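Below is one structure, written out as structure tokens, with a few remarks after it.
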Amino acid sequence: MGRLLIVSNRLPVTARAEDGHVVLEPSIGGLATGLASFYRNCDSRWIGWYEPPNGSVVEPQERESVAARLDAEYACTPVFIPPDEAAAYYEGFANATLWPIFHYFTQFARFEDEWWEAYVSVNRRFRDAVLSVAQEDDTIWIHDYHLLLLPGMLRESLPSASIGFFLHVPFPSFEIFRMLPWRTELLHGVLGADLIGFHTYDYVRHFLSSVLRLTGYEHVLGEVSVGHHRAKVDAFPMGIDYQTYATARERPEVQAEISRIRENVGGMRVILSVDRLDYTKGVIQRLEAYDCFLEENPQFHGKVILALLAVPSRTDVHQYQRLKRHLDELIGRISGKYGFLDWSPIQYQSGSAPFETLAALYATAEVILVTPLRDGMNLIAKEYVAAQEGEGVLILSEMAGVANELGEAIVVNPYNRSEMAAAFVTALDMPLEERRDRMAAMKERLRRYDVTRWASDFLDALASMRTEEAELRSKLLTATAEERLEAEYRGAERRLILLDYDGTLVTFTRRPSAAKPDPALLDLLVDLTSDPKNEVVIVSGRDRITMAQWLGRLDVALITDHGAWVKERGGDWEALVPLTSDWKDSVRPVLERFVDRTPGALLEEKEFSLVWHYRAADPLIGPLRARELRDSLEHLTGNLDLGVLEGNKVLEVKNAGINKGRAASLWLSKEPWDFILAVGDDRTDEDLFAALPEGACSIRVGWATSKATFYADQVADVRRLLTKLAR
């Protein structure tokens with residue numbers, strides 16, 4: 001592995017003006033702080049937006065010198081964005097469109113075409129910046145919702161690059177995500193990555209659901225195939241720099257802050273709230289719950305203090321200005337309602353705190369409130385647990401991603417004010433031994449899975465994906481492979497060509513009867529069969545009557561019903577196993593019930609089998625019903641000598657002992673063939689591939705685990721290859 005290129009909206013460097021000069025210094029907070037202990041210890045480069053001090057403009061003649069300083073001092077590559085475009089991209093699309101949608105605050109979302117255009121343009125600027133420094137063996141790790149289009153853009157320019165993407169905010173359910181006018185473009189952008197990471201499996205599930213419903217791409221164990229590319233989707237809960245917080249209280253400056261805080265609060269019990277001022281964080285609901293707690297529990301008056309630290313964000317946006325006014329009014333009302341001469345129930349600070357102060361607050365707070373209305377992960381909860389000696393209590397929102405890891409916390413619904421008020425009492429009255437037991441379990445979990453482990457796991461999984469991708473690419477039916485195959489074909493005197501029908505020679509249709517052979521396909525088969533050296537066998541799951549009507553006039557052999565019936569050229573139909581249909585009356589009601597329960601599904605009756613199709617059903621409900629149906633059928637058919645065959649969006653019930661490989665063996669054993677080619681597209685064709693002798697060539701249409709020699713993308717590739725051979 002070469003270098004690690006980290007790509008995020010902002011650089012881990014802040015520029016500020018001092019005495020007429022620009023001073024560059026490491027940023028505090030955010031992704032830069034979270035990854036600092038990891039990326040500084042590896043060969044890495046960070047690519048991000050350079051924001052000049054005080055909103056000034058970086059003139060074109062200055063950019064080279066700024067880039068040189070960032071390169072020399074911080075191994076960073078800047079992306080320069082014009083102010084107007086930056087506003088439309090960042091304040092506009094990223095934070096007034098994507099942020100509210102991803103956090104389920106749809107009432108705040110705005111959909112502006114000019115914002116989208118700016119978002120696309122800025123993602124292209126990031127692409128160009130990455131291309132300017134990327135080397136062949138670099139690993140590119142892209143972060144967060146600001147750059148959803150970037151993986152796809154880079155994939156077009158660097159098709160063999162190792163690209164990872166991690167989303168640090170929630171991914172919403174399909175019903176919310178579908179509201180975005182540019183939803184499909186965003187999904188295709190993200191799917192350009194080899195590995196797509198989320199904090200929780202809920203977000204993984206939501207993403208895969210949206211991919212299926214909006215693009216039609218299905219997944220197998222979290223892997224989505226898009227052309228020659230596969231994207232793995234998985235959960236990686238982000239950790240923190242555990243040791244930094246766990247040992248912070250040993251620093252003299254932190255000890256001094258602890259002493260100052262304790263002197264300031266006297267003997268009061270401290271309840272801490274630390275958050276960015278954002279409507280997703282639930283600060284207002286937190287204060288309302290505190291109000292309820294004080295009203296219902298006067299015994300705590302004069303004994304507790306809520307230390308509220310709210311960091312302003314996006315102060316020029318109306319929604320945040322209104323939130324700030326509401327917060328100030330609520331603090332004033334609570335303080336006036338309950339406070340008295342020597343006690344104020346809330347100590348409020350607006351603004352960020354240095355690390356020493358934050359660590360001291362974590363160490364001294366008996367209880368912390370981490371109750372966002374929706375949050376991707378929330379590292380504050382983890383920082384508090386790490387910084388505590390072991391006697392604190394964490395009250396945690398079930399809407400935060402971190403709730404899946406820290407089950408020992410008091411988990412609450414942040415919208416339930418009474419439940420939250422009761423949690424205050426539970427936390428303050430919790431016995432010391434129970435506090436220690438809960439905190440010890442959480443500490444050990446965070447110690448084991450820190451930010452280094454998180455980053456290493458993600459990058460190891462990315463490297464594994466690239467290895468698997470390389471193996472699959474080696475089986476891709478390239479132009480070179482086609483030339484070699486064509487040469488073998490030309491040199492052979494006896495050729496056997498075994499071809500599946502649906503999904504191989506014709507594309508799938510919503511109704512099976514609509515997939516009749518077109519004139520071009522018929523001409524192609526005539527060309528292939530007109531060569532006396534060729535034996536062409538159509539190996540289909542369709543019934544013999546349909547295939548006889550469609551292809552019976554051609555000089556081809558036919559295998560139908562997945563191998564139940566065979567017909568040699570010029571011969572009659574023969575059943576390979578004894579076939580019966582007296583079982584249908586027992587099985588048909590089950591299939592009909594599942595047709596009724598699954599809109600879009602249909603039942604096809606063949607001479608000796610019943611087929612349940614769900615291609616036109618809802619893409620999520622169809623597979624779910626198919627699993628239920630298969631379970632029901634396996635119990636029903638266990639004593640009837642029947643088999644349940646699962647194909648591409650179909651379940652077929654037929655007599656046992658039938659498969660395409662067994663039927664094809666009649667031709668495979670006929671004579672010593674000089675050239676054998678088999679082509680298919682689904683799991684029913686794997687039996688055919690498995691039956692082939694060594695040296696035969698097989699092609700699977702679509703990327704999936706297969707016994708086939710090669711992969712082809714689509715039906716058009718198969719027909720193009722066969723046309724080349726026929727000519």
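Letters for chains follow the order of the structure tokens (A, B, ...), residue numbers begin at 1 for each chain, and ligand numbers begin at 1 in the order shown.
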
Which of stretch 560-686 of chain A DSSP labels strand (DSSP E or B), written as a PyMOL selection string:
chain A and resi 560+565-567+573-575+602-605+610-613+642-647+650-655+675-680

Just the residues within 9 Å of stretch 393-403 of chain A, please, counting only C-alpha atoms, with nothing from its chain fewer than 2 positions along; format it as a PyMOL selection string.
chain A and resi 170+199-200+202+237-238+365-379+381-382+384-385+390-391+405-414+420+423-424+427-428+430+435-436+438-439

Atoms kept (C-alpha atoms) for selection, written as a PDB file, in the first residue's frame:
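What follows is the written file out.pdb:
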ATOM      1  CA  PRO A 170     -26.986   9.302   9.711  1.00  0.00           C
ATOM      2  CA  HIS A 199     -21.477   4.162  11.992  1.00  0.00           C
ATOM      3  CA  THR A 200     -24.349   1.682  12.482  1.00  0.00           C
ATOM      4  CA  ASP A 202     -29.311   0.853  10.648  1.00  0.00           C
ATOM      5  CA  PRO A 237     -18.481   2.574  14.655  1.00  0.00           C
ATOM      6  CA  MET A 238     -15.894   5.336  15.006  1.00  0.00           C
ATOM      7  CA  ALA A 365     -19.436  16.162  35.999  1.00  0.00           C
ATOM      8  CA  GLU A 366     -21.397  13.539  37.899  1.00  0.00           C
ATOM      9  CA  VAL A 367     -23.880  13.206  35.029  1.00  0.00           C
ATOM     10  CA  ILE A 368     -23.654  14.099  31.346  1.00  0.00           C
ATOM     11  CA  LEU A 369     -26.552  14.570  28.945  1.00  0.00           C
ATOM     12  CA  VAL A 370     -25.930  13.389  25.384  1.00  0.00           C
ATOM     13  CA  THR A 371     -29.447  13.489  23.990  1.00  0.00           C
ATOM     14  CA  PRO A 372     -29.473  14.497  20.305  1.00  0.00           C
ATOM     15  CA  LEU A 373     -32.684  14.191  18.328  1.00  0.00           C
ATOM     16  CA  ARG A 374     -30.629  12.490  15.612  1.00  0.00           C
ATOM     17  CA  ASP A 375     -26.882  11.923  15.416  1.00  0.00           C
ATOM     18  CA  GLY A 376     -24.601   9.801  13.279  1.00  0.00           C
ATOM     19  CA  MET A 377     -22.397   8.701  16.176  1.00  0.00           C
ATOM     20  CA  ASN A 378     -21.657  11.428  18.812  1.00  0.00           C
ATOM     21  CA  LEU A 379     -18.155  11.177  20.202  1.00  0.00           C
ATOM     22  CA  ALA A 381     -20.385  10.413  24.988  1.00  0.00           C
ATOM     23  CA  LYS A 382     -17.224   8.386  24.343  1.00  0.00           C
ATOM     24  CA  TYR A 384     -16.827  11.572  28.732  1.00  0.00           C
ATOM     25  CA  VAL A 385     -16.586   7.847  29.473  1.00  0.00           C
ATOM     26  CA  GLY A 390     -15.442   5.680  36.747  1.00  0.00           C
ATOM     27  CA  GLU A 391     -18.163   7.194  38.881  1.00  0.00           C
ATOM     28  CA  GLU A 405     -22.351   0.544  21.661  1.00  0.00           C
ATOM     29  CA  LEU A 406     -22.914   2.054  25.106  1.00  0.00           C
ATOM     30  CA  GLY A 407     -25.842   0.023  26.336  1.00  0.00           C
ATOM     31  CA  GLU A 408     -24.805   0.508  29.973  1.00  0.00           C
ATOM     32  CA  ALA A 409     -25.830   4.164  29.738  1.00  0.00           C
ATOM     33  CA  ILE A 410     -29.308   5.330  30.750  1.00  0.00           C
ATOM     34  CA  VAL A 411     -30.864   5.337  27.280  1.00  0.00           C
ATOM     35  CA  VAL A 412     -33.797   7.704  26.736  1.00  0.00           C
ATOM     36  CA  ASN A 413     -36.123   8.974  24.048  1.00  0.00           C
ATOM     37  CA  PRO A 414     -35.113  12.654  23.710  1.00  0.00           C
ATOM     38  CA  MET A 420     -35.693  12.290  30.519  1.00  0.00           C
ATOM     39  CA  ALA A 423     -33.479   9.727  34.059  1.00  0.00           C
ATOM     40  CA  PHE A 424     -32.003  12.707  35.976  1.00  0.00           C
ATOM     41  CA  ALA A 427     -28.640   9.007  37.509  1.00  0.00           C
ATOM     42  CA  LEU A 428     -28.273  11.147  40.648  1.00  0.00           C
ATOM     43  CA  MET A 430     -27.671   5.540  41.321  1.00  0.00           C
ATOM     44  CA  ARG A 435     -22.061   3.472  38.500  1.00  0.00           C
ATOM     45  CA  ARG A 436     -18.625   1.912  38.575  1.00  0.00           C
ATOM     46  CA  ARG A 438     -21.564   0.423  34.160  1.00  0.00           C
ATOM     47  CA  MET A 439     -18.691   2.791  33.508  1.00  0.00           C
TER      48      MET A 439
END

Kindly provide the residues of stretch 238-303 of chain A that approach stretch 21-32 of chain A to within 12 Å, each paired with its closest atom pair and their distance in Å to one decimal, based on only C-alpha atoms, listed by chain and increasing number, as a tab-separated table.
residue	atom	partner	partner_atom	distance
A:Met238	CA	A:Leu31	CA	10.6
A:Gly239	CA	A:Leu31	CA	11.4
A:Ile240	CA	A:Leu31	CA	10.5
A:Asp241	CA	A:Ala32	CA	11.8
A:Asp275	CA	A:Gly29	CA	11.9
A:Arg276	CA	A:Gly29	CA	11.0

Could you pull the residues within 10 Å of stretch 89-102 of chain A, counting only C-alpha atoms, minus those fewer than 4 positions along the same chain, as a VMD selection string?
chain A and resid 9 81 83 to 85 106 to 123 145 to 148 169 to 173 176 to 180 279 to 280 314 316 to 317 319 374 to 376

Output C-alpha atoms of each residue in that selection to a file, as a compact mmCIF listing (two decimals), in the first residue's frame.
# COMPACT_ATOMS: atom_id res chain seq x y z
CA ASN A 9 -14.49 19.15 3.37
CA ILE A 81 -13.35 27.61 -3.79
CA PRO A 83 -16.73 32.65 -2.05
CA ASP A 84 -20.05 32.68 -3.93
CA GLU A 85 -19.69 29.06 -4.97
CA THR A 106 -37.41 17.64 6.30
CA GLN A 107 -39.27 20.85 7.19
CA PHE A 108 -35.96 22.75 7.05
CA ALA A 109 -34.76 21.32 3.72
CA ARG A 110 -34.56 23.53 0.65
CA PHE A 111 -34.06 22.28 -2.89
CA GLU A 112 -32.35 24.89 -5.06
CA ASP A 113 -30.96 24.08 -8.51
CA GLU A 114 -28.14 26.61 -8.18
CA TRP A 115 -27.04 24.99 -4.91
CA TRP A 116 -26.92 21.61 -6.61
CA GLU A 117 -24.86 23.03 -9.47
CA ALA A 118 -22.41 24.52 -6.96
CA TYR A 119 -22.22 21.17 -5.13
CA VAL A 120 -21.36 19.37 -8.38
CA SER A 121 -18.79 22.02 -9.26
CA VAL A 122 -17.07 21.84 -5.87
CA ASN A 123 -16.94 18.05 -5.97
CA TYR A 145 -21.84 14.27 3.13
CA HIS A 146 -20.08 17.25 1.56
CA LEU A 147 -18.42 14.94 -1.00
CA LEU A 148 -21.02 12.34 -1.93
CA VAL A 169 -23.90 11.55 9.76
CA PRO A 170 -26.99 9.30 9.71
CA PHE A 171 -28.23 7.90 6.44
CA PRO A 172 -32.02 8.34 6.41
CA SER A 173 -34.68 5.81 5.55
CA ILE A 176 -36.91 10.45 3.62
CA PHE A 177 -34.01 10.10 1.17
CA ARG A 178 -36.35 9.78 -1.82
CA MET A 179 -37.38 13.43 -1.31
CA LEU A 180 -34.07 14.63 -2.76
CA TYR A 279 -31.45 21.91 15.89
CA THR A 280 -30.48 18.22 15.63
CA ARG A 314 -23.81 28.89 11.27
CA ASP A 316 -25.86 33.80 9.94
CA VAL A 317 -28.59 31.24 9.21
CA GLN A 319 -32.92 28.79 11.83
CA ARG A 374 -30.63 12.49 15.61
CA ASP A 375 -26.88 11.92 15.42
CA GLY A 376 -24.60 9.80 13.28

Using only C-alpha atoms, which residues sit within 10 Å of A:Phe710 once same-chain residues fewer than 4 positions away are excluded, as a PyMOL selection string?
chain A and resi 472-478+481+679+697-703+706

Residues as selected, C-alpha atoms, written as a PDB file, in the first residue's frame, can you do that?
ATOM      1  CA  LEU A 472     -12.672 -10.666 -10.257  1.00  0.00           C
ATOM      2  CA  ARG A 473     -11.147  -8.312 -12.801  1.00  0.00           C
ATOM      3  CA  SER A 474      -8.785 -11.080 -13.833  1.00  0.00           C
ATOM      4  CA  LYS A 475     -11.889 -13.043 -14.923  1.00  0.00           C
ATOM      5  CA  LEU A 476     -13.458 -10.180 -16.841  1.00  0.00           C
ATOM      6  CA  LEU A 477     -14.105 -10.961 -20.486  1.00  0.00           C
ATOM      7  CA  THR A 478     -11.712  -8.399 -21.911  1.00  0.00           C
ATOM      8  CA  ALA A 481      -9.741 -12.759 -23.642  1.00  0.00           C
ATOM      9  CA  VAL A 679     -23.044 -19.040 -21.070  1.00  0.00           C
ATOM     10  CA  CYS A 697     -14.964 -22.009 -21.417  1.00  0.00           C
ATOM     11  CA  SER A 698     -17.877 -20.636 -19.383  1.00  0.00           C
ATOM     12  CA  ILE A 699     -19.192 -17.092 -19.067  1.00  0.00           C
ATOM     13  CA  ARG A 700     -21.398 -15.707 -16.288  1.00  0.00           C
ATOM     14  CA  VAL A 701     -23.478 -12.642 -17.181  1.00  0.00           C
ATOM     15  CA  GLY A 702     -23.236 -10.253 -14.247  1.00  0.00           C
ATOM     16  CA  TRP A 703     -20.706 -10.123 -11.426  1.00  0.00           C
ATOM     17  CA  SER A 706     -19.482 -18.241  -9.847  1.00  0.00           C
TER      18      SER A 706
END

What separates atom CA of A:Asn534 and atom CA of A:Glu488 is a distance of 13.3 Å

Best match for closeness to A:Pro512 among A:Glu634, A:Glu136, A:Glu605, A:Glu263, counting only C-alpha atoms:
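Nearest to A:Pro512: A:Glu605.
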
Write out as a PyMOL selection string all residues of stretch 59-203 of chain A that backbone DSSP assigns to alpha helix (DSSP H).
chain A and resi 60-74+83-86+99-102+113-133+150-157+174-177+183-190+201-203

Would you work out the distance separating atom CA of A:Ser37 from atom CA of A:Val66, expressed in Å to one decimal?
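So the two atoms, atom CA of A:Ser37 and atom CA of A:Val66, lie 25.1 Å apart.
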
Residues at most 12 Å from A:Pro78, counting only C-alpha atoms, excluding those fewer than 2 positions away in the same chain, as a PyMOL selection string?
chain A and resi 6-15+45-52+58+63-71+74-76+80-81+125-130+132-133

Hey, what's within 8 Å of A:Arg625 if we count only C-alpha atoms and toss same-chain stuff fewer than 4 positions away? As an MDAnalysis selection string, please?
chainID A and resid 594 598 621 629

Which residue, A:Ala656, A:Ala712, A:Val644, A:Val556, has the smallest gap to A:Leu576 when you use only C-alpha atoms?
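Checking each of A:Ala656, A:Ala712, A:Val644, A:Val556 against A:Leu576, counting only C-alpha atoms, the winner is A:Ala656.
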
May I ask for the distance between atom CA of A:Gly222 and atom CA of A:Pro599, given in Å to one decimal place?
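Taking atom CA of A:Gly222 and atom CA of A:Pro599, their separation equals 25.7 Å.
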
Which residue out of A:Leu208, A:Ser160, A:Thr509, A:Lys670 has the minimum interatomic distance to A:Val220 when only C-alpha atoms are used?
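Smallest distance to A:Val220 is found for A:Leu208.
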
Selected residue, from A:Ser456, A:Ser665, A:Asn648, A:Ser464, that lies nearest to A:Gly541 when counting only C-alpha atoms
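Ranked by minimum distance to A:Gly541, first place goes to A:Asn648.
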